[in-house]
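Q: Compact mmCIF, C-alpha atoms and all ligand atoms, saved as coords-v8.txt, coming up:
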```txt
# COMPACT_ATOMS: atom_id res chain seq x y z
CA MET A 199 27.46 13.86 -3.05
CA LYS A 200 26.97 10.81 -5.25
CA GLN A 201 23.41 9.63 -4.76
CA LYS A 202 22.54 5.99 -4.25
CA GLU A 203 21.20 3.82 -7.07
CA ILE A 204 17.79 2.51 -6.10
CA LEU A 205 16.23 -0.60 -7.57
CA LEU A 206 12.45 -0.45 -7.17
CA PHE A 207 10.06 -3.37 -7.61
CA GLY A 208 6.30 -2.65 -7.83
CA ALA A 209 7.01 0.88 -9.01
CA SER A 210 3.76 1.49 -10.84
CA GLY A 211 1.55 1.14 -7.74
CA GLN A 212 0.25 3.94 -5.54
CA ILE A 213 3.23 4.00 -3.18
CA GLY A 214 5.73 3.40 -5.99
CA ARG A 215 4.57 6.35 -8.10
CA ASN A 216 4.68 8.73 -5.14
CA LEU A 217 8.04 7.38 -3.99
CA ILE A 218 9.59 7.83 -7.43
CA ARG A 219 8.48 11.48 -7.49
CA LYS A 220 9.86 12.13 -4.02
CA LEU A 221 13.19 10.36 -4.49
CA THR A 222 14.02 11.60 -7.98
CA LYS A 223 13.25 15.19 -6.93
CA ASN A 224 15.90 14.64 -4.27
CA ASN A 225 18.44 13.44 -6.85
CA TYR A 226 18.14 9.70 -6.35
CA LYS A 227 18.54 7.63 -9.48
CA ILE A 228 15.88 4.94 -9.76
CA THR A 229 15.60 1.78 -11.80
CA ALA A 230 11.92 0.89 -11.77
CA VAL A 231 10.93 -2.66 -12.55
CA THR A 232 7.54 -3.38 -14.09
CA ARG A 233 5.89 -6.38 -15.71
CA ASN A 234 4.64 -4.40 -18.68
CA ILE A 235 6.61 -1.38 -19.78
CA HIS A 236 3.97 -0.34 -22.34
CA ARG A 237 1.17 -0.25 -19.77
CA ALA A 238 3.10 1.21 -16.83
CA GLY A 239 5.62 3.26 -18.80
CA TYR A 240 3.43 6.21 -19.62
CA ILE A 241 2.46 6.71 -15.96
CA LEU A 242 5.98 6.17 -14.67
CA LYS A 243 7.84 8.36 -17.17
CA THR A 244 5.95 11.43 -16.00
CA GLN A 245 7.01 10.89 -12.38
CA ALA A 246 10.64 11.92 -12.85
CA ASN A 247 12.94 14.23 -14.78
CA PRO A 248 14.90 12.67 -17.67
CA GLY A 249 18.01 10.90 -16.46
CA TYR A 250 16.66 10.04 -13.03
CA LEU A 251 14.46 7.11 -13.95
CA ASP A 252 15.21 3.93 -15.92
CA LEU A 253 12.39 1.53 -16.68
CA VAL A 254 13.03 -2.19 -16.91
CA GLU A 255 10.52 -4.80 -17.99
CA LEU A 256 10.70 -8.04 -16.05
CA LYS A 257 8.44 -11.03 -16.50
CA ASN A 258 8.13 -13.99 -14.11
CA PHE A 259 10.83 -12.71 -11.74
CA ASN A 260 13.65 -13.89 -14.01
CA SER A 261 16.46 -14.66 -11.58
CA GLU A 262 19.39 -13.84 -13.90
CA LYS A 263 17.90 -10.50 -14.88
CA ILE A 264 17.35 -9.65 -11.21
CA ASP A 265 21.02 -10.55 -10.56
CA ASP A 266 22.09 -8.06 -13.24
CA LEU A 267 19.94 -5.33 -11.69
CA MET A 268 21.10 -6.05 -8.12
CA ARG A 269 24.76 -5.86 -9.13
CA LYS A 270 24.32 -2.18 -10.05
CA ALA A 271 22.10 -1.19 -7.09
CA SER A 272 22.94 0.09 -3.64
CA ILE A 273 19.39 -0.10 -2.26
CA CYS A 274 16.53 -2.40 -3.26
CA ILE A 275 12.93 -1.50 -2.40
CA ASN A 276 10.18 -4.08 -2.82
CA LEU A 277 6.63 -2.74 -3.15
CA ILE A 278 5.10 -5.69 -4.97
CA GLY A 279 1.89 -6.83 -3.35
CA ILE A 280 -1.56 -8.16 -4.20
CA LEU A 281 -4.90 -7.95 -2.39
CA TYR A 282 -6.47 -11.12 -3.79
CA GLU A 283 -5.30 -14.31 -5.48
CA LYS A 284 -6.16 -15.12 -9.06
CA ARG A 285 -4.37 -18.46 -8.84
CA LYS A 286 -3.71 -20.90 -5.98
CA ASP A 287 -0.63 -20.02 -3.92
CA GLN A 288 -0.26 -16.59 -5.56
CA PHE A 289 -0.08 -14.89 -2.13
CA LYS A 290 2.81 -17.21 -1.21
CA LEU A 291 4.62 -16.53 -4.48
CA ILE A 292 4.28 -12.73 -4.28
CA HIS A 293 4.49 -12.08 -0.52
CA THR A 294 6.79 -14.87 0.69
CA ASP A 295 8.86 -16.41 -2.13
CA LEU A 296 9.64 -13.12 -3.93
CA PRO A 297 10.89 -11.20 -0.85
CA ASP A 298 12.82 -14.36 0.08
CA MET A 299 14.57 -14.33 -3.30
CA LEU A 300 15.16 -10.56 -3.37
CA SER A 301 16.60 -10.41 0.15
CA GLN A 302 18.95 -13.31 -0.60
CA LYS A 303 20.19 -11.45 -3.65
CA ALA A 304 20.50 -8.20 -1.66
CA LYS A 305 22.84 -10.09 0.65
CA LYS A 306 24.74 -11.73 -2.22
CA TYR A 307 25.47 -8.36 -3.84
CA SER A 308 26.17 -6.60 -0.50
CA LEU A 309 23.51 -3.93 -0.86
CA ASP A 310 23.34 -1.15 1.73
CA LYS A 311 19.66 -1.83 2.44
CA PHE A 312 16.71 -3.97 1.47
CA ILE A 313 13.48 -2.09 2.15
CA HIS A 314 10.28 -4.12 2.02
CA LEU A 315 6.65 -3.06 2.34
CA SER A 316 4.63 -5.50 4.41
CA ALA A 317 1.35 -4.77 6.20
CA LEU A 318 0.00 -3.82 9.62
CA GLY A 319 -2.30 -5.96 11.76
CA ILE A 320 -1.33 -9.32 10.27
CA GLU A 321 0.08 -10.99 13.39
CA LYS A 322 -3.28 -12.11 14.76
CA SER A 323 -4.92 -12.89 11.41
CA LYS A 324 -4.22 -16.62 11.41
CA ASP A 325 -7.25 -17.24 9.17
CA SER A 326 -6.12 -14.97 6.33
CA ASN A 327 -3.81 -16.35 3.64
CA TYR A 328 -2.85 -12.75 2.76
CA ALA A 329 -1.68 -12.12 6.34
CA ILE A 330 0.11 -15.48 6.66
CA SER A 331 1.98 -14.94 3.38
CA LYS A 332 3.03 -11.38 4.33
CA LEU A 333 4.23 -12.51 7.77
CA ASN A 334 6.17 -15.43 6.28
CA GLY A 335 7.80 -12.97 3.86
CA GLU A 336 8.94 -10.83 6.80
CA LYS A 337 10.45 -13.91 8.52
CA LYS A 338 12.39 -14.89 5.38
CA ILE A 339 13.84 -11.39 4.99
CA ILE A 340 14.93 -11.19 8.63
CA LYS A 341 16.63 -14.59 8.27
CA ASN A 342 18.33 -13.73 4.96
CA PHE A 343 19.80 -10.25 5.28
CA LYS A 344 20.68 -8.11 8.27
CA ASN A 345 20.41 -4.80 6.41
CA TYR A 346 16.64 -5.03 6.15
CA ILE A 347 13.96 -2.48 6.83
CA ILE A 348 10.40 -3.84 6.93
CA ILE A 349 7.70 -1.19 6.80
CA LYS A 350 4.21 -2.11 7.94
CA PRO A 351 1.70 0.62 7.07
CA SER A 352 -1.96 0.86 7.92
CA ILE A 353 -4.19 1.94 5.00
CA VAL A 354 -2.25 4.28 2.73
CA TYR A 355 -4.52 6.91 1.17
CA SER A 356 -4.18 9.72 -1.37
CA VAL A 357 -5.90 11.12 -4.43
CA ASP A 358 -4.48 8.21 -6.45
CA ASP A 359 -5.28 5.37 -4.03
CA ASN A 360 -7.59 2.38 -4.45
CA PHE A 361 -9.23 2.85 -1.08
CA THR A 362 -10.80 6.27 -0.46
CA THR A 363 -11.41 6.80 -4.18
CA SER A 364 -13.19 3.44 -4.62
CA PHE A 365 -15.32 3.98 -1.52
CA MET A 366 -16.26 7.52 -2.58
CA SER A 367 -17.28 6.11 -5.98
CA LEU A 368 -19.43 3.44 -4.31
CA LEU A 369 -20.89 5.83 -1.75
CA SER A 370 -21.84 8.30 -4.44
CA ILE A 371 -23.98 5.71 -6.28
CA LEU A 372 -25.19 3.17 -3.69
CA PRO A 373 -28.04 4.13 -1.33
CA ILE A 374 -26.90 1.56 1.26
CA MET A 375 -23.36 0.59 2.25
CA PRO A 376 -22.79 -2.67 4.13
CA LEU A 377 -20.79 -2.63 7.36
CA TYR A 378 -18.77 -5.73 8.14
CA PHE A 379 -18.20 -6.58 11.82
CA ASN A 380 -20.51 -3.64 12.62
CA GLY A 381 -17.93 -1.27 11.11
CA LYS A 382 -15.94 -1.47 14.36
CA THR A 383 -12.54 -2.51 12.93
CA LYS A 384 -10.01 0.23 13.67
CA PHE A 385 -7.53 1.72 11.19
CA ALA A 386 -4.78 4.34 11.44
CA PRO A 387 -4.73 5.66 7.85
CA ILE A 388 -1.48 7.25 6.75
CA HIS A 389 -1.22 9.71 3.87
CA VAL A 390 1.08 8.52 1.09
CA THR A 391 3.16 11.72 1.35
CA ASP A 392 3.87 11.01 5.03
CA LEU A 393 4.79 7.43 4.17
CA VAL A 394 7.21 8.31 1.35
CA ASP A 395 8.79 10.97 3.60
CA ILE A 396 9.45 8.22 6.15
CA ILE A 397 10.88 5.91 3.47
CA GLN A 398 13.25 8.64 2.25
CA SER A 399 14.41 9.31 5.83
CA LEU A 400 15.02 5.59 6.34
CA ILE A 401 17.10 5.50 3.16
CA GLU A 402 19.24 8.34 4.48
CA ARG A 403 19.56 7.23 8.11
CA GLU A 404 21.70 4.44 9.47
CA ASN A 405 18.72 2.42 10.73
CA ASN A 406 18.85 -1.17 9.55
CA ASN A 407 17.50 -4.38 11.14
CA LEU A 408 14.28 -2.52 11.62
CA THR A 409 10.63 -3.47 11.49
CA LEU A 410 8.57 -0.29 11.65
CA GLU A 411 4.83 0.14 11.86
CA CYS A 412 3.68 3.25 10.02
CA VAL A 413 0.50 4.92 11.19
CA GLY A 414 -1.23 8.23 10.71
CA PRO A 415 -2.44 10.61 13.45
CA ASP A 416 -6.06 9.34 13.62
CA ILE A 417 -7.46 6.02 14.79
CA LEU A 418 -10.76 5.55 13.00
CA THR A 419 -13.24 2.71 12.83
CA PHE A 420 -14.36 1.56 9.41
CA LYS A 421 -17.73 3.18 10.09
CA GLU A 422 -16.06 6.49 11.00
CA ILE A 423 -14.01 6.35 7.80
CA LEU A 424 -17.19 5.90 5.73
CA GLN A 425 -18.88 8.74 7.64
CA LYS A 426 -15.92 11.04 6.95
CA LEU A 427 -15.98 10.11 3.26
CA LEU A 428 -19.73 10.76 3.12
CA ASN A 429 -19.19 14.09 4.81
CA ALA A 430 -16.47 14.97 2.30
CA ILE A 431 -18.71 14.24 -0.68
CA SER A 432 -21.79 15.82 0.99
CA LYS A 433 -23.95 12.73 0.79
CA LYS A 434 -26.09 10.83 3.26
CA ARG A 435 -26.29 7.06 2.99
CA ILE A 436 -27.52 4.17 5.12
CA LEU A 437 -24.63 2.29 6.72
CA LEU A 438 -26.06 -1.16 7.34
CA PRO A 439 -24.36 -3.71 9.63
CA LEU A 440 -24.40 -7.12 7.89
CA PRO A 441 -24.80 -10.27 9.99
CA LEU A 442 -21.71 -12.46 9.59
CA PRO A 443 -23.37 -15.31 7.58
CA ILE A 444 -24.69 -12.76 5.05
CA ALA A 445 -21.31 -11.00 4.98
CA LYS A 446 -19.65 -14.36 4.23
CA LEU A 447 -22.15 -15.12 1.50
CA SER A 448 -21.65 -11.68 -0.08
CA ALA A 449 -17.85 -12.18 -0.03
CA LYS A 450 -18.29 -15.59 -1.71
CA ILE A 451 -20.21 -13.89 -4.53
CA LEU A 452 -18.13 -10.70 -4.77
CA GLN A 453 -14.86 -12.62 -5.02
CA LEU A 454 -16.03 -14.13 -8.31
CA PHE A 455 -15.68 -10.73 -10.04
CA PRO A 456 -12.47 -10.11 -12.05
CA LYS A 457 -11.53 -7.25 -9.67
CA PRO A 458 -13.29 -8.32 -6.47
CA LEU A 459 -14.60 -5.67 -4.09
CA LEU A 460 -14.37 -8.15 -1.22
CA THR A 461 -13.03 -11.69 -0.85
CA GLU A 462 -13.52 -14.23 1.95
CA ASP A 463 -9.85 -13.77 2.83
CA GLN A 464 -10.28 -9.99 3.13
CA LEU A 465 -13.37 -10.52 5.27
CA ASN A 466 -11.28 -12.65 7.64
CA LEU A 467 -8.66 -9.89 7.75
CA LEU A 468 -11.30 -7.25 8.55
CA LYS A 469 -11.94 -8.92 11.90
CA TYR A 470 -8.69 -7.54 13.25
CA ASP A 471 -7.75 -3.95 14.02
CA ASN A 472 -5.27 -2.31 11.69
CA CYS A 473 -3.43 0.01 14.05
CA SER A 474 -0.13 -0.23 15.94
CA SER A 475 0.24 -3.61 17.61
CA GLY A 476 2.65 -2.73 20.42
CA ILE A 477 5.01 -5.45 19.13
CA TYR A 478 7.16 -3.18 16.95
CA ARG A 479 8.30 0.42 17.02
CA THR A 480 6.17 2.93 15.14
CA ASN A 481 7.12 5.98 13.08
CA TYR A 482 6.36 8.11 16.17
CA ASP A 483 8.95 6.17 18.22
CA LEU A 484 11.60 7.15 15.63
CA GLY A 485 10.50 10.78 15.60
CA PHE A 486 8.64 10.66 12.27
CA GLN A 487 5.48 12.66 12.85
CA THR A 488 2.62 12.03 10.46
CA ASN A 489 0.56 15.16 10.74
CA ARG A 490 -1.76 14.84 7.78
CA LYS A 491 -5.25 14.25 9.16
CA PHE A 492 -7.60 11.98 7.25
CA ASP A 493 -10.62 14.28 6.88
CA ILE A 494 -8.54 17.35 5.95
CA GLU A 495 -6.59 15.48 3.26
CA VAL A 496 -9.62 13.67 1.81
CA GLU A 497 -11.51 16.97 1.64
CA LYS A 498 -8.83 18.23 -0.81
CA TYR A 499 -9.76 15.72 -3.52
CA SER A 500 -13.28 14.63 -2.60
CA TYR A 501 -14.81 17.26 -4.92
CA ASN A 502 -14.39 14.72 -7.72
CA TRP A 503 -17.32 12.83 -6.17
CA ARG A 504 -19.35 15.84 -4.98
CA SER A 505 -22.36 17.07 -6.93
CA GLY A 506 -21.28 20.14 -8.87
CA GLY A 507 -17.57 19.31 -8.66
CA GLN A 508 -14.74 21.42 -7.26
CA PHE A 509 -16.45 24.79 -7.38
CA ALA A 510 -19.80 23.78 -5.88
CA LYS A 511 -20.50 25.63 -2.66
CA VAL A 512 -20.66 22.82 -0.14
CA ASP A 513 -22.86 24.63 2.39
CA GLU A 514 -25.40 25.65 -0.23
CA GLU A 515 -25.50 22.25 -1.79
CA LYS A 516 -28.56 20.12 -1.16
CA ILE A 517 -27.47 17.11 0.87
CA LYS A 518 -28.93 14.13 -0.91
N1 LIG A 601 -1.70 0.90 -0.30
C1 LIG A 601 -1.99 0.47 0.92
O1 LIG A 601 -2.98 0.91 1.54
C2 LIG A 601 -1.09 -0.52 1.60
C3 LIG A 601 -1.30 -0.82 2.95
C4 LIG A 601 -0.48 -1.75 3.58
C5 LIG A 601 0.52 -2.39 2.87
N2 LIG A 601 0.72 -2.07 1.56
C6 LIG A 601 1.79 -2.77 0.83
O2 LIG A 601 2.64 -1.83 0.21
C7 LIG A 601 3.09 -2.35 -1.05
C8 LIG A 601 2.81 -1.34 -2.15
O3 LIG A 601 1.44 -0.98 -2.09
P1 LIG A 601 0.69 -0.27 -3.32
O4 LIG A 601 -0.66 0.10 -2.82
O5 LIG A 601 1.57 0.73 -3.94
O6 LIG A 601 0.53 -1.54 -4.26
P2 LIG A 601 -0.29 -1.73 -5.60
O7 LIG A 601 -0.61 -0.42 -6.16
O8 LIG A 601 -1.44 -2.63 -5.35
O9 LIG A 601 0.72 -2.59 -6.47
C9 LIG A 601 2.11 -2.59 -6.39
C10 LIG A 601 2.71 -3.19 -7.63
O10 LIG A 601 2.86 -4.60 -7.51
C11 LIG A 601 3.04 -5.13 -8.83
N3 LIG A 601 2.25 -6.34 -8.96
C12 LIG A 601 0.93 -6.48 -8.73
N4 LIG A 601 0.56 -7.76 -8.97
C13 LIG A 601 1.67 -8.41 -9.35
C14 LIG A 601 1.94 -9.75 -9.76
N5 LIG A 601 0.98 -10.67 -9.80
N6 LIG A 601 3.21 -10.06 -10.11
C15 LIG A 601 4.17 -9.13 -10.08
N7 LIG A 601 3.99 -7.85 -9.70
C16 LIG A 601 2.75 -7.51 -9.36
C17 LIG A 601 2.50 -4.08 -9.82
O11 LIG A 601 3.60 -3.56 -10.55
P3 LIG A 601 3.71 -3.66 -12.16
O12 LIG A 601 2.32 -3.79 -12.73
O13 LIG A 601 4.37 -2.38 -12.54
O14 LIG A 601 4.54 -4.83 -12.44
C18 LIG A 601 1.93 -3.01 -8.90
O15 LIG A 601 2.10 -1.73 -9.39
C19 LIG A 601 2.39 -3.70 -1.24
O16 LIG A 601 3.23 -4.74 -0.84
C20 LIG A 601 1.20 -3.61 -0.30
O17 LIG A 601 0.81 -4.88 0.18
C21 LIG A 601 -0.06 -1.16 0.91
```
Here is the file; what I need is its structure written in the form of structure tokens.

A:
Amino acid sequence: MKQKEILLFGASGQIGRNLIRKLTKNNYKITAVTRNIHRAGYILKTQANPGYLDLVELKNFNSEKIDDLMRKASICINLIGILYEKRKDQFKLIHTDLPDMLSQKAKKYSLDKFIHLSALGIEKSKDSNYAISKLNGEKKIIKNFKNYIIIKPSIVYSVDDNFTTSFMSLLSILPIMPLYFNGKTKFAPIHVTDLVDIIQSLIERENNNLTLECVGPDILTFKEILQKLLNAISKKRILLPLPLPIAKLSAKILQLFPKPLLTEDQLNLLKYDNCSSGIYRTNYDLGFQTNRKFDIEVEKYSYNWRSGGQFAKVDEEKIK
């Protein structure tokens, strides 16, 4: 069977790298678009066998170049996303204007599908520019092209994520970890392998015109997530609820860093639960089970942050 040609934007990110591995192993041919082929190339080239992956450098979303790429594609997947703005209106550009442009082109070149990664829990977050821009992007896609699939995952975690790995790094050095909103915000973390399995199934099935929330098997509060990470790295730390005014002040300061740990916009987003909303179907409704449990999966790579490393005996280790 002739496999489909997939055009992938945002390929060098966590989901992109894992998706490339999964799809190329299953004989899909991928054209991966990146802003800097020299920086991303060495990571991306190792994700696929020769012949299955083409790398294309694209700067400033050059419309004519995107037209050329779309002409040859049968499926376009957009994984481009940012967590904080470095310039005014960057959320709008990346999360609204870009998916608007890509979905229009997907229609123009009669692609089989346009698959777009949005986010979970953004419907109520009217005070977050991230959430507003993501939601507006979804609306544009739905208006532009009927063969859309919008995927809205909760936190996506894995050994190569920016979430569990960053928190394990912080927890291993900081004696106290702040809890925002008392650590009560709920998440349904999904392992990246489960997510890319779902994406591959959606490529192969007939489903289009679909907005799908993707969640893992556990619903965990932020505090429970930190406790599980602490357990995995065999450390004890103080988890300290921060009063809102202090939390806001800390976000104001932290967002000044080049790679901010927390911004005011993210703090606003943290107010709202990040699990299935009841508005859309979830992976479970379509029969996609996500069986990887958070603590079991994190345990597999947490030794990187544990005293003594992989071969330390956890039960004999002194809990600090
Ligand atoms: N990971 C999660 O927990 C999670 C949860 C919910 C939703 N999502 C969504 O899923 C999608 C993929 O997530 P991910 O974690 O794989 O993303 P990621 O690692 O943060 O980044 C995805 C890619 O976006 C491109 N990108 C970043 N900033 C850009 C900019 N200013 N202009 C153009 N391209 C830019 C980068 O590609 P190049 O550097 O190669 O150009 C990057 O590799 C995103 O839309 C994200 O919002 C992720």

Q: I need the residue nearest Ser475 in chain A from this list: A:Leu318, A:Leu309, A:Val254, A:Ile436. Use all atoms listed in the file for the distance.

A: A:Leu318

Q: Would you give the centre and edge lengths, in Å to one decimal, of a box along x, y and z around the listed atoms of ligand LIG 601 (chain A), with 3 Å added to each side, as AutoDock Vina command-line options?

A:
```
--center_x 0.8 --center_y -4.9 --center_z -4.6 --size_x 13.5 --size_y 17.6 --size_z 22.3
```

Q: Counting all atoms listed in the file, which of A:Asn472, A:Thr383, A:Asn466, A:Ser301 gets nearest to ligand LIG 601 (chain A)?

A: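 Nearest to ligand LIG 601 (chain A): A:Asn472.
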
Q: Grab me every residue within 8 Å of ligand LIG 601 (chain A), counting all atoms listed in the file, and send it over as a ChimeraX atom specification.

A: /A:207-215,231-235,237-238,256-259,276-281,288,292-293,314-318,350-355,359-361

Q: Kindly give the distance, in Å, that separates CA of Leu205 in chain A and CA of His389 in chain A, rounded to a single decimal.

A: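 Atom-to-atom, CA of Leu205 in chain A and CA of His389 in chain A are spaced 23.3 Å apart.
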
Q: Which of these, A:Met299, A:Ile388, A:Leu459, A:Ile397, has the shortest distance to Asp265 in chain A once you count all atoms listed in the file?

A: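 Nearest candidate to Asp265 in chain A out of A:Met299, A:Ile388, A:Leu459, A:Ile397: A:Met299.
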
Q: So what do you get for CA of Asp416 in chain A versus CA of Ala386 in chain A, distance-wise?

A: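 We find that CA of Asp416 in chain A and CA of Ala386 in chain A lie 5.6 Å from each other.
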
Q: Which polymer residues have any atom within 8 Å of an atom of range 437-444 of chain A, counting all atoms listed in the file, with same-chain residues fewer than 4 positions away left out, as JSON, numbers by chain?

A: {"A": [374, 375, 376, 377, 378, 379, 380, 381, 421, 448]}

Q: Could those residues be written to a file, using C-alpha atoms, as a short mmCIF file (atom, residue, chain, number, x, y, z; two decimals), in the coordinates of the input?

A:
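Writing the result to result.cif gives the following:
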```cif
data_model
loop_
_atom_site.label_atom_id
_atom_site.label_comp_id
_atom_site.auth_asym_id
_atom_site.auth_seq_id
_atom_site.Cartn_x
_atom_site.Cartn_y
_atom_site.Cartn_z
CA ILE A 374 -26.90 1.56 1.26
CA MET A 375 -23.36 0.59 2.25
CA PRO A 376 -22.79 -2.67 4.13
CA LEU A 377 -20.79 -2.63 7.36
CA TYR A 378 -18.77 -5.73 8.14
CA PHE A 379 -18.20 -6.58 11.82
CA ASN A 380 -20.51 -3.64 12.62
CA GLY A 381 -17.93 -1.27 11.11
CA LYS A 421 -17.73 3.18 10.09
CA SER A 448 -21.65 -11.68 -0.08
#
```

Q: Using only C-alpha atoms, which of A:Thr419, A:Ser272, A:Ser261, A:Gln398 sits nearest Leu217 in chain A?

A: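 Among the listed residues, A:Gln398 lies closest to Leu217 in chain A.
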
Q: Which of these residues is nearest to Phe365 in chain A, using only C-alpha atoms: A:Ser500, A:Asn489, A:Gln302, A:Asn224?

A: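 Between A:Ser500, A:Asn489, A:Gln302, A:Asn224, the residue approaching Phe365 in chain A most closely is A:Ser500.
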
Q: With distances taken over all atoms listed in the file, which residue among A:Tyr470, A:Tyr240, A:Phe486, A:Phe343 lies nearest Lys382 in chain A?

A: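 Looking at the shortest contact to Lys382 in chain A, the residue is A:Tyr470.
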
Q: Record the distance separating CA of Pro387 in chain A and CA of Asp471 in chain A, expressed in Å with one decimal.

A: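 Separation of CA of Pro387 in chain A and CA of Asp471 in chain A: 11.8 Å.
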
Q: Tell me which protein, DNA and RNA residues are within 12 Å of Ile273 in chain A, counting all atoms listed in the file, leaving out same-chain ones fewer than 3 positions away, and put them as a PyMOL selection string.

A: chain A and resi 201-207+226-229+267-270+276+300-301+303-305+307-314+345-347+397-398+400-402+406

Q: Set the distance at 12 Å and use all atoms listed in the file: which residues neighbour Lys434 in chain A once local chain neighbours fewer than 5 positions away are removed? I'd like the list as a PyMOL selection string.

A: chain A and resi 366+369-375+424-429+504+516-518

Q: List as a PyMOL selection string the protein and nucleic acid residues near Lys290 in chain A, meaning an atom at most 10 Å away when all atoms listed in the file are counted, but skip any in the same chain fewer than 2 places from it.

A: chain A and resi 283+286-288+292-296+327-328+330-332+334-335

Q: Just to be explicit: take each residue in the selection above, keep C-alpha atoms, and write the result as a PDB file, in the coordinates of the input.

A:
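In the end it all went to out37.pdb:
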```pdb
ATOM      1  CA  GLU A 283      -5.300 -14.310  -5.480  1.00  0.00           C
ATOM      2  CA  LYS A 286      -3.710 -20.900  -5.980  1.00  0.00           C
ATOM      3  CA  ASP A 287      -0.630 -20.020  -3.920  1.00  0.00           C
ATOM      4  CA  GLN A 288      -0.260 -16.590  -5.560  1.00  0.00           C
ATOM      5  CA  ILE A 292       4.280 -12.730  -4.280  1.00  0.00           C
ATOM      6  CA  HIS A 293       4.490 -12.080  -0.520  1.00  0.00           C
ATOM      7  CA  THR A 294       6.790 -14.870   0.690  1.00  0.00           C
ATOM      8  CA  ASP A 295       8.860 -16.410  -2.130  1.00  0.00           C
ATOM      9  CA  LEU A 296       9.640 -13.120  -3.930  1.00  0.00           C
ATOM     10  CA  ASN A 327      -3.810 -16.350   3.640  1.00  0.00           C
ATOM     11  CA  TYR A 328      -2.850 -12.750   2.760  1.00  0.00           C
ATOM     12  CA  ILE A 330       0.110 -15.480   6.660  1.00  0.00           C
ATOM     13  CA  SER A 331       1.980 -14.940   3.380  1.00  0.00           C
ATOM     14  CA  LYS A 332       3.030 -11.380   4.330  1.00  0.00           C
ATOM     15  CA  ASN A 334       6.170 -15.430   6.280  1.00  0.00           C
ATOM     16  CA  GLY A 335       7.800 -12.970   3.860  1.00  0.00           C
TER      17      GLY A 335
END
```

Q: At the level of N, CA and C atoms, write range 220-234 of chain A to a file as a PDB file, in the first residue's frame, please.

A:
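File out.pdb, as written:
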```pdb
ATOM      1  N   LYS A 220       7.290   7.093  15.532  1.00  0.00           N
ATOM      2  CA  LYS A 220       6.160   6.169  15.409  1.00  0.00           C
ATOM      3  C   LYS A 220       5.724   6.032  13.937  1.00  0.00           C
ATOM      4  N   LEU A 221       5.562   7.170  13.272  1.00  0.00           N
ATOM      5  CA  LEU A 221       5.000   7.116  11.918  1.00  0.00           C
ATOM      6  C   LEU A 221       5.994   6.559  10.902  1.00  0.00           C
ATOM      7  N   THR A 222       7.263   6.946  11.016  1.00  0.00           N
ATOM      8  CA  THR A 222       8.227   6.444  10.032  1.00  0.00           C
ATOM      9  C   THR A 222       8.466   4.943  10.214  1.00  0.00           C
ATOM     10  N   LYS A 223       8.396   4.466  11.471  1.00  0.00           N
ATOM     11  CA  LYS A 223       8.523   3.015  11.703  1.00  0.00           C
ATOM     12  C   LYS A 223       7.384   2.263  11.017  1.00  0.00           C
ATOM     13  N   ASN A 224       6.261   2.960  10.858  1.00  0.00           N
ATOM     14  CA  ASN A 224       5.096   2.354  10.203  1.00  0.00           C
ATOM     15  C   ASN A 224       4.988   2.784   8.739  1.00  0.00           C
ATOM     16  N   ASN A 225       6.144   3.123   8.155  1.00  0.00           N
ATOM     17  CA  ASN A 225       6.263   3.380   6.717  1.00  0.00           C
ATOM     18  C   ASN A 225       5.646   4.669   6.196  1.00  0.00           C
ATOM     19  N   TYR A 226       5.336   5.597   7.086  1.00  0.00           N
ATOM     20  CA  TYR A 226       4.878   6.903   6.591  1.00  0.00           C
ATOM     21  C   TYR A 226       6.097   7.716   6.193  1.00  0.00           C
ATOM     22  N   LYS A 227       5.925   8.509   5.148  1.00  0.00           N
ATOM     23  CA  LYS A 227       7.006   9.397   4.716  1.00  0.00           C
ATOM     24  C   LYS A 227       6.689  10.795   5.260  1.00  0.00           C
ATOM     25  N   ILE A 228       7.651  11.372   5.950  1.00  0.00           N
ATOM     26  CA  ILE A 228       7.381  12.658   6.616  1.00  0.00           C
ATOM     27  C   ILE A 228       8.278  13.773   6.092  1.00  0.00           C
ATOM     28  N   THR A 229       7.664  14.914   5.853  1.00  0.00           N
ATOM     29  CA  THR A 229       8.442  16.126   5.603  1.00  0.00           C
ATOM     30  C   THR A 229       8.299  16.987   6.848  1.00  0.00           C
ATOM     31  N   ALA A 230       9.410  17.149   7.554  1.00  0.00           N
ATOM     32  CA  ALA A 230       9.377  17.874   8.835  1.00  0.00           C
ATOM     33  C   ALA A 230       9.884  19.298   8.628  1.00  0.00           C
ATOM     34  N   VAL A 231       9.078  20.233   9.077  1.00  0.00           N
ATOM     35  CA  VAL A 231       9.425  21.641   8.883  1.00  0.00           C
ATOM     36  C   VAL A 231       9.981  22.205  10.193  1.00  0.00           C
ATOM     37  N   THR A 232      11.115  22.868  10.082  1.00  0.00           N
ATOM     38  CA  THR A 232      11.721  23.466  11.282  1.00  0.00           C
ATOM     39  C   THR A 232      12.275  24.846  10.931  1.00  0.00           C
ATOM     40  N   ARG A 233      12.382  25.693  11.962  1.00  0.00           N
ATOM     41  CA  ARG A 233      12.899  27.043  11.707  1.00  0.00           C
ATOM     42  C   ARG A 233      14.401  27.055  11.513  1.00  0.00           C
ATOM     43  N   ASN A 234      15.079  26.069  12.089  1.00  0.00           N
ATOM     44  CA  ASN A 234      16.540  26.077  12.030  1.00  0.00           C
ATOM     45  C   ASN A 234      17.040  24.651  11.847  1.00  0.00           C
TER      46      ASN A 234
END
```
